[in-house]
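S.K.: File name work-v8.pdb; file contents PDB, C-alpha atoms and all ligand atoms; full text below.
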MODEL        1
ATOM      1  CA  MET Y   1     -12.825 -33.094  54.808
ATOM      2  CA  LYS Y   2     -13.794 -29.562  55.702
ATOM      3  CA  ILE Y   3     -17.180 -28.473  56.984
ATOM      4  CA  GLY Y   4     -18.249 -24.870  56.736
ATOM      5  CA  VAL Y   5     -20.799 -23.550  59.185
ATOM      6  CA  LEU Y   6     -22.659 -20.518  57.865
ATOM      7  CA  ALA Y   7     -21.875 -17.881  60.453
ATOM      8  CA  LEU Y   8     -24.152 -14.979  59.557
ATOM      9  CA  GLN Y   9     -26.335 -15.234  62.661
ATOM     10  CA  GLY Y  10     -27.544 -17.870  65.117
ATOM     11  CA  ALA Y  11     -26.080 -20.981  66.726
ATOM     12  CA  PHE Y  12     -23.012 -21.500  64.541
ATOM     13  CA  ILE Y  13     -20.465 -21.749  67.368
ATOM     14  CA  GLU Y  14     -22.332 -24.707  68.880
ATOM     15  CA  HIS Y  15     -22.288 -26.586  65.553
ATOM     16  CA  ILE Y  16     -18.570 -25.959  65.107
ATOM     17  CA  SER Y  17     -17.946 -27.332  68.570
ATOM     18  CA  VAL Y  18     -19.981 -30.526  67.901
ATOM     19  CA  ILE Y  19     -18.171 -31.159  64.610
ATOM     20  CA  GLN Y  20     -14.806 -30.641  66.309
ATOM     21  CA  GLN Y  21     -15.812 -33.103  69.053
ATOM     22  CA  ILE Y  22     -16.423 -35.659  66.301
ATOM     23  CA  GLY Y  23     -12.904 -34.922  65.092
ATOM     24  CA  VAL Y  24     -13.676 -33.235  61.779
ATOM     25  CA  GLU Y  25     -12.390 -29.808  60.735
ATOM     26  CA  ALA Y  26     -15.052 -27.094  60.886
ATOM     27  CA  ALA Y  27     -14.808 -23.397  60.136
ATOM     28  CA  PRO Y  28     -17.215 -20.451  60.081
ATOM     29  CA  VAL Y  29     -18.031 -19.124  56.597
ATOM     30  CA  ARG Y  30     -19.509 -15.772  55.660
ATOM     31  CA  LEU Y  31     -18.296 -14.860  52.179
ATOM     32  CA  PRO Y  32     -18.912 -16.302  48.705
ATOM     33  CA  SER Y  33     -15.127 -16.646  48.300
ATOM     34  CA  GLU Y  34     -15.010 -19.042  51.276
ATOM     35  CA  LEU Y  35     -17.537 -21.479  49.824
ATOM     36  CA  GLY Y  36     -15.349 -23.041  47.134
ATOM     37  CA  SER Y  37     -13.087 -24.899  49.563
ATOM     38  CA  LEU Y  38     -15.910 -26.602  51.486
ATOM     39  CA  ASP Y  39     -16.877 -30.238  51.265
ATOM     40  CA  TRP Y  40     -19.986 -29.931  53.402
ATOM     41  CA  LEU Y  41     -22.044 -27.107  54.886
ATOM     42  CA  ILE Y  42     -24.212 -26.524  57.956
ATOM     43  CA  ILE Y  43     -26.834 -23.772  58.097
ATOM     44  CA  PRO Y  44     -27.606 -23.231  61.792
ATOM     45  CA  GLY Y  45     -30.711 -22.178  63.669
ATOM     46  CA  GLY Y  46     -31.304 -18.559  64.484
ATOM     47  CA  GLU Y  47     -33.766 -16.271  62.762
ATOM     48  CA  SER Y  48     -34.437 -17.331  59.189
ATOM     49  CA  THR Y  49     -35.549 -13.873  58.036
ATOM     50  CA  THR Y  50     -32.265 -12.405  59.320
ATOM     51  CA  ILE Y  51     -30.126 -15.221  57.915
ATOM     52  CA  LEU Y  52     -31.837 -14.957  54.506
ATOM     53  CA  ASN Y  53     -31.542 -11.174  54.452
ATOM     54  CA  LEU Y  54     -27.837 -11.444  55.233
ATOM     55  CA  MET Y  55     -27.441 -14.116  52.547
ATOM     56  CA  GLN Y  56     -28.882 -11.583  50.089
ATOM     57  CA  THR Y  57     -26.612  -8.819  51.348
ATOM     58  CA  PHE Y  58     -23.484 -10.984  51.106
ATOM     59  CA  ASN Y  59     -24.491 -12.360  47.665
ATOM     60  CA  LEU Y  60     -24.631 -15.899  48.968
ATOM     61  CA  ILE Y  61     -28.014 -17.054  47.629
ATOM     62  CA  LYS Y  62     -26.942 -17.793  44.057
ATOM     63  CA  PRO Y  63     -23.625 -19.550  44.831
ATOM     64  CA  LEU Y  64     -25.173 -21.605  47.637
ATOM     65  CA  LYS Y  65     -28.024 -22.650  45.398
ATOM     66  CA  GLU Y  66     -25.620 -23.637  42.641
ATOM     67  CA  LEU Y  67     -23.366 -25.576  45.012
ATOM     68  CA  SER Y  68     -26.341 -27.389  46.436
ATOM     69  CA  GLN Y  69     -27.630 -28.253  42.983
ATOM     70  CA  ALA Y  70     -24.142 -29.546  42.170
ATOM     71  CA  GLY Y  71     -24.377 -31.910  45.174
ATOM     72  CA  LEU Y  72     -22.898 -30.074  48.177
ATOM     73  CA  PRO Y  73     -24.180 -31.897  51.281
ATOM     74  CA  ILE Y  74     -25.982 -29.464  53.603
ATOM     75  CA  LEU Y  75     -27.369 -29.876  57.114
ATOM     76  CA  GLY Y  76     -30.019 -27.266  57.955
ATOM     77  CA  THR Y  77     -31.275 -27.020  61.513
ATOM     78  CA  CYS Y  78     -34.320 -25.020  62.591
ATOM     79  CA  ALA Y  79     -33.966 -21.664  60.774
ATOM     80  CA  GLY Y  80     -31.453 -23.500  58.541
ATOM     81  CA  MET Y  81     -34.238 -25.886  57.559
ATOM     82  CA  VAL Y  82     -36.418 -22.897  56.602
ATOM     83  CA  CYS Y  83     -33.575 -21.562  54.410
ATOM     84  CA  LEU Y  84     -33.467 -24.785  52.376
ATOM     85  CA  ALA Y  85     -37.227 -25.214  51.888
ATOM     86  CA  LYS Y  86     -38.924 -24.629  48.561
ATOM     87  CA  LYS Y  87     -41.911 -23.090  50.257
ATOM     88  CA  VAL Y  88     -42.373 -21.323  53.586
ATOM     89  CA  SER Y  89     -45.629 -20.460  55.284
ATOM     90  CA  ASN Y  90     -46.194 -18.168  58.234
ATOM     91  CA  SER Y  91     -43.549 -15.830  57.023
ATOM     92  CA  ASN Y  92     -43.987 -12.092  57.595
ATOM     93  CA  ASN Y  93     -42.685 -11.597  54.102
ATOM     94  CA  SER Y  94     -44.639 -13.446  51.458
ATOM     95  CA  ASN Y  95     -41.770 -13.178  48.963
ATOM     96  CA  MET Y  96     -39.187 -14.530  51.379
ATOM     97  CA  GLU Y  97     -36.516 -15.846  49.040
ATOM     98  CA  THR Y  98     -35.012 -19.100  50.272
ATOM     99  CA  LEU Y  99     -32.430 -21.374  48.666
ATOM    100  CA  ALA Y 100     -35.432 -23.483  47.573
ATOM    101  CA  VAL Y 101     -33.396 -26.656  47.079
ATOM    102  CA  MET Y 102     -35.385 -29.070  49.220
ATOM    103  CA  ASP Y 103     -38.787 -30.110  47.982
ATOM    104  CA  MET Y 104     -40.858 -29.394  51.077
ATOM    105  CA  GLU Y 105     -43.112 -26.797  52.594
ATOM    106  CA  VAL Y 106     -42.325 -25.677  56.128
ATOM    107  CA  ARG Y 107     -44.321 -23.597  58.568
ATOM    108  CA  ARG Y 108     -42.327 -21.158  60.673
ATOM    109  CA  ASN Y 109     -42.939 -20.746  64.409
ATOM    110  CA  ALA Y 110     -45.406 -23.613  64.199
ATOM    111  CA  PHE Y 111     -45.853 -24.251  67.920
ATOM    112  CA  GLY Y 112     -47.369 -20.916  68.891
ATOM    113  CA  ARG Y 113     -46.596 -19.119  72.124
ATOM    114  CA  GLN Y 114     -47.417 -21.713  74.734
ATOM    115  CA  ALA Y 115     -45.209 -24.486  73.417
ATOM    116  CA  ASP Y 116     -42.760 -21.991  72.021
ATOM    117  CA  SER Y 117     -39.772 -24.005  73.320
ATOM    118  CA  PHE Y 118     -39.656 -27.556  74.633
ATOM    119  CA  GLU Y 119     -37.529 -30.653  74.829
ATOM    120  CA  THR Y 120     -38.806 -34.111  74.009
ATOM    121  CA  GLU Y 121     -37.500 -37.667  73.678
ATOM    122  CA  LEU Y 122     -37.888 -38.044  69.937
ATOM    123  CA  PRO Y 123     -37.646 -41.400  68.187
ATOM    124  CA  VAL Y 124     -35.345 -41.040  65.174
ATOM    125  CA  PRO Y 125     -35.072 -44.556  63.713
ATOM    126  CA  ALA Y 126     -32.059 -43.641  61.538
ATOM    127  CA  LEU Y 127     -30.079 -42.892  64.740
ATOM    128  CA  GLY Y 128     -30.826 -46.232  66.375
ATOM    129  CA  HIS Y 129     -32.981 -47.391  69.242
ATOM    130  CA  GLU Y 130     -32.400 -44.649  71.798
ATOM    131  CA  PRO Y 131     -34.613 -41.602  71.290
ATOM    132  CA  PHE Y 132     -32.925 -38.247  70.700
ATOM    133  CA  ALA Y 133     -33.355 -35.486  73.295
ATOM    134  CA  ALA Y 134     -34.672 -32.981  70.762
ATOM    135  CA  ILE Y 135     -34.718 -29.299  71.717
ATOM    136  CA  PHE Y 136     -37.276 -27.162  69.889
ATOM    137  CA  ILE Y 137     -36.976 -23.358  70.046
ATOM    138  CA  ARG Y 138     -39.646 -21.369  68.181
ATOM    139  CA  ALA Y 139     -39.366 -24.214  65.742
ATOM    140  CA  PRO Y 140     -40.756 -24.731  62.277
ATOM    141  CA  VAL Y 141     -42.425 -27.986  61.151
ATOM    142  CA  ILE Y 142     -42.493 -29.796  57.839
ATOM    143  CA  GLU Y 143     -45.972 -29.622  56.356
ATOM    144  CA  ARG Y 144     -45.586 -31.195  52.936
ATOM    145  CA  VAL Y 145     -42.807 -33.059  51.188
ATOM    146  CA  GLY Y 146     -42.129 -34.074  47.608
ATOM    147  CA  PRO Y 147     -41.479 -37.664  46.510
ATOM    148  CA  GLN Y 148     -37.683 -37.476  46.933
ATOM    149  CA  VAL Y 149     -37.914 -36.441  50.571
ATOM    150  CA  GLU Y 150     -37.701 -39.069  53.304
ATOM    151  CA  ILE Y 151     -39.111 -38.192  56.748
ATOM    152  CA  LEU Y 152     -36.632 -39.055  59.510
ATOM    153  CA  ALA Y 153     -38.675 -38.150  62.594
ATOM    154  CA  LYS Y 154     -42.209 -37.305  63.631
ATOM    155  CA  LEU Y 155     -43.695 -36.039  66.870
ATOM    156  CA  PRO Y 156     -46.388 -38.235  68.509
ATOM    157  CA  ASN Y 157     -49.060 -36.110  66.774
ATOM    158  CA  ASP Y 158     -47.592 -37.193  63.420
ATOM    159  CA  ILE Y 159     -45.955 -33.857  62.608
ATOM    160  CA  ALA Y 160     -42.716 -34.268  60.651
ATOM    161  CA  VAL Y 161     -39.680 -32.590  62.226
ATOM    162  CA  ALA Y 162     -36.659 -34.073  60.437
ATOM    163  CA  ALA Y 163     -36.091 -35.173  56.867
ATOM    164  CA  LYS Y 164     -33.581 -35.978  54.166
ATOM    165  CA  GLN Y 165     -33.433 -35.453  50.425
ATOM    166  CA  GLY Y 166     -30.317 -36.984  48.895
ATOM    167  CA  GLU Y 167     -27.413 -35.199  50.565
ATOM    168  CA  LEU Y 168     -29.601 -32.594  52.288
ATOM    169  CA  VAL Y 169     -30.572 -33.277  55.909
ATOM    170  CA  VAL Y 170     -32.836 -31.047  58.000
ATOM    171  CA  SER Y 171     -34.200 -30.905  61.523
ATOM    172  CA  ALA Y 172     -36.730 -28.567  63.109
ATOM    173  CA  PHE Y 173     -34.914 -29.044  66.439
ATOM    174  CA  HIS Y 174     -31.398 -28.079  67.570
ATOM    175  CA  PRO Y 175     -29.158 -31.189  67.589
ATOM    176  CA  GLU Y 176     -26.143 -29.002  68.417
ATOM    177  CA  LEU Y 177     -27.621 -28.271  71.868
ATOM    178  CA  SER Y 178     -28.348 -31.876  72.920
ATOM    179  CA  HIS Y 179     -24.911 -33.205  73.954
ATOM    180  CA  ASP Y 180     -25.629 -36.150  71.667
ATOM    181  CA  LEU Y 181     -23.469 -36.389  68.578
ATOM    182  CA  ARG Y 182     -25.636 -38.901  66.712
ATOM    183  CA  PHE Y 183     -27.542 -36.493  64.471
ATOM    184  CA  HIS Y 184     -24.334 -34.804  63.250
ATOM    185  CA  ARG Y 185     -22.662 -38.198  62.797
ATOM    186  CA  TYR Y 186     -25.650 -39.277  60.722
ATOM    187  CA  PHE Y 187     -25.283 -36.186  58.504
ATOM    188  CA  LEU Y 188     -21.548 -36.856  58.095
ATOM    189  CA  LYS Y 189     -22.310 -40.432  57.064
ATOM    190  CA  ILE Y 190     -24.858 -39.254  54.463
ATOM    191  CA  ALA Y 191     -22.474 -36.546  53.265
ATOM    192  CA  ALA Y 192     -19.571 -38.994  52.946
ATOM    193  CA  SER Y 193     -21.667 -41.349  50.842
ATOM    194  CA  HIS Y 194     -22.339 -38.640  48.221
TER     195      HIS Y 194
HETATM  196  N1  LIG A   1     -38.401 -19.104  64.434
HETATM  197  C1  LIG A   1     -37.160 -19.079  63.749
HETATM  198  C2  LIG A   1     -37.316 -18.807  62.272
HETATM  199  O1  LIG A   1     -38.340 -19.011  61.699
HETATM  200  C3  LIG A   1     -36.384 -20.352  63.917
HETATM  201  C4  LIG A   1     -35.952 -20.502  65.332
HETATM  202  C5  LIG A   1     -34.680 -21.256  65.525
HETATM  203  O2  LIG A   1     -33.872 -21.416  64.614
HETATM  204  N2  LIG A   1     -34.476 -21.664  66.729
HETATM  205  O3  LIG A   1     -36.378 -18.410  61.694
ENDMDL
END
Show me, as structure tokens, the structure contained in the file I just sent.

M.R.:
Amino acid sequence: MKIGVLALQGAFIEHISVIQQIGVEAAPVRLPSELGSLDWLIIPGGESTTILNLMQTFNLIKPLKELSQAGLPILGTCAGMVCLAKKVSNSNNSNMETLAVMDMEVRRNAFGRQADSFETELPVPALGHEPFAAIFIRAPVIERVGPQVEILAKLPNDIAVAAKQGELVVSAFHPELSHDLRFHRYFLKIAASH
């Protein structure tokens, strides 16, 4: 199995390192020609406007959308979650074109300035009993989901911050920074079952 980590901008090196710690092959991808050989894909956190602009520039939007519609498992974290969402609010660009493959609306930079970045012990039932030390950095939140989307985690104020739709898994936080492999292992399990 080969995992590609979209390496246009953001925290792709950290994801590659987590996947390698799990013992699975991971490689950075940047070009449409590199997508065909992938079994699974990770879109990392970073700046979603930059990542989406670069996806346009490198002609990645259409092939990624098609691969996703054909069942390519994708993990999107933070800005990566924004890239997968059907609808984005709080974007500086009202026509921000995303991959629009996951039936949810997300709000960018949802925590404002004061709580801009924080870490919290987040219960994620799909990962087991132990909470996950979730690191949020200028994070988005999930505001609305369609019927096929399952919420995986909520903050104490009931705001959804991780979800799954078939073989697509997203988190508003950065699991690659937590020194806890469970979220990536969970994605690999979902991906392997599709
Ligand atoms: N605020 C960023 C965005 O909307 C996401 C931040 C992150 O990925 N850590 O793209």

S.K.: Which residue out of Y:Met102, Y:Leu122, Y:Ala7, Y:Ala172 has the minimum interatomic distance to ligand LIG 1 (chain A) when all atoms listed in the file are used?

M.R.: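 Nearest to ligand LIG 1 (chain A): Y:Ala172.
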
S.K.: Go ahead and compute the interatomic distance for atom CA of Met1 of chain Y and atom CA of Leu38 of chain Y, in Å to one decimal.

M.R.: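 Computed distance, atom CA of Met1 of chain Y to atom CA of Leu38 of chain Y, equals 7.9 Å.
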
S.K.: For Pro140 of chain Y, which of Y:Ser193, Y:Asn157, Y:Thr120, Y:Ser91 is the closest residue, counting only C-alpha atoms?

M.R.: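 Using only C-alpha atoms, Pro140 of chain Y sits closest to Y:Ser91.
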
S.K.: Show which residues sit within 12 Å of segment 98-100 of chain Y, as a ChimeraX atom specification. Count all atoms listed in the file, and ignore same-chain residues fewer than 2 positions away.

M.R.: /Y:43,48-56,60-69,74,76,79-89,91,93-96,102-106,168

S.K.: 6 Å from ligand LIG 1 (chain A) is the threshold here; counting all atoms listed in the file, which polymer residues fall inside it? Answer as a ChimeraX atom specification.

M.R.: /Y:45-49,78-79,108-109,137-139

S.K.: Can you pull out every residue within 6 Å of segment 20-34 of chain Y, counting all atoms listed in the file, but drop anything in the same chain fewer than 4 positions away, and send it as a list in words?

M.R.: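 Residues meeting the cut-off are Lys2, Ile3, Gly4, Val5, Leu6, Ala7, Ile16 and Leu60 of chain Y.
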
S.K.: Only C-alpha atoms, please: the residues just picked out, written as a CSV table (one decimal), in the frame of the given file.

M.R.:
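As written to disk, result_12.csv reads:
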chain,number,residue,atom,x,y,z
Y,2,LYS,CA,-13.8,-29.6,55.7
Y,3,ILE,CA,-17.2,-28.5,57.0
Y,4,GLY,CA,-18.2,-24.9,56.7
Y,5,VAL,CA,-20.8,-23.6,59.2
Y,6,LEU,CA,-22.7,-20.5,57.9
Y,7,ALA,CA,-21.9,-17.9,60.5
Y,16,ILE,CA,-18.6,-26.0,65.1
Y,60,LEU,CA,-24.6,-15.9,49.0

S.K.: Report as JSON lines: every residue of segment 44-144 of chain Y with an atom at most 12 Å from segment 182-190 of chain Y, its closest pair of atoms, and their distance in Å to one decimal, counting all atoms listed in the file, with rows sorted by chain and ascending residue number.

M.R.:
{"residue": "Y:Gly71", "atom": "CA", "partner": "Y:Ile190", "partner_atom": "CA", "distance": 11.9}
{"residue": "Y:Leu72", "atom": "CA", "partner": "Y:Ile190", "partner_atom": "CA", "distance": 11.3}
{"residue": "Y:Pro73", "atom": "CA", "partner": "Y:Ile190", "partner_atom": "CA", "distance": 8.0}
{"residue": "Y:Ile74", "atom": "CA", "partner": "Y:Phe187", "partner_atom": "CA", "distance": 8.3}
{"residue": "Y:Leu75", "atom": "CA", "partner": "Y:Phe187", "partner_atom": "CA", "distance": 6.8}
{"residue": "Y:Gly76", "atom": "CA", "partner": "Y:Phe187", "partner_atom": "CA", "distance": 10.1}
{"residue": "Y:Thr77", "atom": "CA", "partner": "Y:His184", "partner_atom": "CA", "distance": 10.6}
{"residue": "Y:Leu122", "atom": "CA", "partner": "Y:Phe183", "partner_atom": "CA", "distance": 11.8}
{"residue": "Y:Pro123", "atom": "CA", "partner": "Y:Phe183", "partner_atom": "CA", "distance": 11.8}
{"residue": "Y:Val124", "atom": "CA", "partner": "Y:Phe183", "partner_atom": "CA", "distance": 9.1}
{"residue": "Y:Pro125", "atom": "CA", "partner": "Y:Phe183", "partner_atom": "CA", "distance": 11.1}
{"residue": "Y:Ala126", "atom": "CA", "partner": "Y:Tyr186", "partner_atom": "CA", "distance": 7.8}
{"residue": "Y:Leu127", "atom": "CA", "partner": "Y:Arg182", "partner_atom": "CA", "distance": 6.3}
{"residue": "Y:Gly128", "atom": "CA", "partner": "Y:Arg182", "partner_atom": "CA", "distance": 9.0}
{"residue": "Y:His129", "atom": "CA", "partner": "Y:Arg182", "partner_atom": "CA", "distance": 11.5}
{"residue": "Y:Glu130", "atom": "CA", "partner": "Y:Arg182", "partner_atom": "CA", "distance": 10.2}
{"residue": "Y:Pro131", "atom": "CA", "partner": "Y:Arg182", "partner_atom": "CA", "distance": 10.4}
{"residue": "Y:Phe132", "atom": "CA", "partner": "Y:Arg182", "partner_atom": "CA", "distance": 8.3}
{"residue": "Y:Ala133", "atom": "CA", "partner": "Y:Phe183", "partner_atom": "CA", "distance": 10.6}
{"residue": "Y:Ala134", "atom": "CA", "partner": "Y:Phe183", "partner_atom": "CA", "distance": 10.1}

S.K.: Counting all atoms listed in the file, figure out which residue out of Y:Phe58, Y:Ile19, Y:Arg113, Y:Val149 gets nearest to Ile42 of chain Y.

M.R.: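 Between Y:Phe58, Y:Ile19, Y:Arg113, Y:Val149, the residue approaching Ile42 of chain Y most closely is Y:Ile19.
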
S.K.: Separation of atom CA of Ala11 of chain Y and atom CA of Asp180 of chain Y, in Å?

M.R.: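 Separation of atom CA of Ala11 of chain Y and atom CA of Asp180 of chain Y: 16.0 Å.
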
S.K.: Enter the distance from atom CA of Leu181 of chain Y to atom CA of Ala160 of chain Y, in Å, rounded to one decimal.

M.R.: 20.9 Å

S.K.: Under the rule that all atoms listed in the file are counted, which of Y:Gly10, Y:Leu177, Y:Glu121, Y:Thr57 is the nearest residue to Lys154 of chain Y?

M.R.: Y:Glu121

S.K.: Report as an NGL selection string the full result of the PyMOL selection byres (((chain Y and resi 150) around 10) and not hetatm) when it is applied to this structure.

M.R.: :Y and (145-149 or 151-153 or 162-166 or 169)

S.K.: In terms of the shortest atom-to-atom distance over only C-alpha atoms, which of Y:Leu155, Y:Ala110, Y:Val141, Y:Val18 is closest to His179 of chain Y?

M.R.: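 Among the listed residues, Y:Val18 lies closest to His179 of chain Y.
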
S.K.: Mind completing segment 156-178 of chain Y with N, CA and C atoms? Output as a PDB file, keeping the file's coordinate frame, please?

M.R.:
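Full text of rebuild-v3.pdb as output:
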ATOM      1  N   PRO Y 156     -45.293 -37.293  68.292  1.00  0.00           N
ATOM      2  CA  PRO Y 156     -46.388 -38.235  68.509  1.00  0.00           C
ATOM      3  C   PRO Y 156     -47.673 -37.829  67.763  1.00  0.00           C
ATOM      4  N   ASN Y 157     -47.869 -36.545  67.518  1.00  0.00           N
ATOM      5  CA  ASN Y 157     -49.060 -36.110  66.774  1.00  0.00           C
ATOM      6  C   ASN Y 157     -48.859 -36.179  65.258  1.00  0.00           C
ATOM      7  N   ASP Y 158     -47.812 -36.907  64.834  1.00  0.00           N
ATOM      8  CA  ASP Y 158     -47.592 -37.193  63.420  1.00  0.00           C
ATOM      9  C   ASP Y 158     -46.978 -36.037  62.628  1.00  0.00           C
ATOM     10  N   ILE Y 159     -46.553 -34.991  63.314  1.00  0.00           N
ATOM     11  CA  ILE Y 159     -45.955 -33.857  62.608  1.00  0.00           C
ATOM     12  C   ILE Y 159     -44.479 -34.141  62.319  1.00  0.00           C
ATOM     13  N   ALA Y 160     -44.095 -33.947  61.062  1.00  0.00           N
ATOM     14  CA  ALA Y 160     -42.716 -34.268  60.651  1.00  0.00           C
ATOM     15  C   ALA Y 160     -41.761 -33.167  61.088  1.00  0.00           C
ATOM     16  N   VAL Y 161     -40.632 -33.576  61.696  1.00  0.00           N
ATOM     17  CA  VAL Y 161     -39.680 -32.590  62.226  1.00  0.00           C
ATOM     18  C   VAL Y 161     -38.227 -32.865  61.819  1.00  0.00           C
ATOM     19  N   ALA Y 162     -38.004 -33.874  61.000  1.00  0.00           N
ATOM     20  CA  ALA Y 162     -36.659 -34.073  60.437  1.00  0.00           C
ATOM     21  C   ALA Y 162     -36.829 -34.839  59.139  1.00  0.00           C
ATOM     22  N   ALA Y 163     -35.941 -34.543  58.174  1.00  0.00           N
ATOM     23  CA  ALA Y 163     -36.091 -35.173  56.867  1.00  0.00           C
ATOM     24  C   ALA Y 163     -34.775 -35.144  56.113  1.00  0.00           C
ATOM     25  N   LYS Y 164     -34.792 -35.871  54.994  1.00  0.00           N
ATOM     26  CA  LYS Y 164     -33.581 -35.978  54.166  1.00  0.00           C
ATOM     27  C   LYS Y 164     -34.003 -36.025  52.706  1.00  0.00           C
ATOM     28  N   GLN Y 165     -33.226 -35.359  51.880  1.00  0.00           N
ATOM     29  CA  GLN Y 165     -33.433 -35.453  50.425  1.00  0.00           C
ATOM     30  C   GLN Y 165     -32.038 -35.588  49.818  1.00  0.00           C
ATOM     31  N   GLY Y 166     -31.677 -36.776  49.398  1.00  0.00           N
ATOM     32  CA  GLY Y 166     -30.317 -36.984  48.895  1.00  0.00           C
ATOM     33  C   GLY Y 166     -29.308 -36.588  49.953  1.00  0.00           C
ATOM     34  N   GLU Y 167     -28.464 -35.605  49.628  1.00  0.00           N
ATOM     35  CA  GLU Y 167     -27.413 -35.199  50.565  1.00  0.00           C
ATOM     36  C   GLU Y 167     -27.820 -33.986  51.416  1.00  0.00           C
ATOM     37  N   LEU Y 168     -29.106 -33.680  51.426  1.00  0.00           N
ATOM     38  CA  LEU Y 168     -29.601 -32.594  52.288  1.00  0.00           C
ATOM     39  C   LEU Y 168     -30.321 -33.208  53.489  1.00  0.00           C
ATOM     40  N   VAL Y 169     -29.954 -32.762  54.685  1.00  0.00           N
ATOM     41  CA  VAL Y 169     -30.572 -33.277  55.909  1.00  0.00           C
ATOM     42  C   VAL Y 169     -31.080 -32.078  56.705  1.00  0.00           C
ATOM     43  N   VAL Y 170     -32.301 -32.177  57.227  1.00  0.00           N
ATOM     44  CA  VAL Y 170     -32.836 -31.047  58.000  1.00  0.00           C
ATOM     45  C   VAL Y 170     -33.492 -31.519  59.295  1.00  0.00           C
ATOM     46  N   SER Y 171     -33.454 -30.646  60.295  1.00  0.00           N
ATOM     47  CA  SER Y 171     -34.200 -30.905  61.523  1.00  0.00           C
ATOM     48  C   SER Y 171     -34.845 -29.604  61.978  1.00  0.00           C
ATOM     49  N   ALA Y 172     -36.049 -29.736  62.557  1.00  0.00           N
ATOM     50  CA  ALA Y 172     -36.730 -28.567  63.109  1.00  0.00           C
ATOM     51  C   ALA Y 172     -36.163 -28.244  64.487  1.00  0.00           C
ATOM     52  N   PHE Y 173     -35.471 -29.233  65.095  1.00  0.00           N
ATOM     53  CA  PHE Y 173     -34.914 -29.044  66.439  1.00  0.00           C
ATOM     54  C   PHE Y 173     -33.426 -28.687  66.340  1.00  0.00           C
ATOM     55  N   HIS Y 174     -32.801 -28.535  67.503  1.00  0.00           N
ATOM     56  CA  HIS Y 174     -31.398 -28.079  67.570  1.00  0.00           C
ATOM     57  C   HIS Y 174     -30.476 -29.211  68.036  1.00  0.00           C
ATOM     58  N   PRO Y 175     -30.003 -30.065  67.138  1.00  0.00           N
ATOM     59  CA  PRO Y 175     -29.158 -31.189  67.589  1.00  0.00           C
ATOM     60  C   PRO Y 175     -27.839 -30.730  68.200  1.00  0.00           C
ATOM     61  N   GLU Y 176     -27.427 -29.497  67.895  1.00  0.00           N
ATOM     62  CA  GLU Y 176     -26.143 -29.002  68.417  1.00  0.00           C
ATOM     63  C   GLU Y 176     -26.232 -28.645  69.895  1.00  0.00           C
ATOM     64  N   LEU Y 177     -27.466 -28.629  70.448  1.00  0.00           N
ATOM     65  CA  LEU Y 177     -27.621 -28.271  71.868  1.00  0.00           C
ATOM     66  C   LEU Y 177     -27.852 -29.493  72.761  1.00  0.00           C
ATOM     67  N   SER Y 178     -27.899 -30.688  72.170  1.00  0.00           N
ATOM     68  CA  SER Y 178     -28.348 -31.876  72.920  1.00  0.00           C
ATOM     69  C   SER Y 178     -27.254 -32.699  73.585  1.00  0.00           C
TER      70      SER Y 178
END
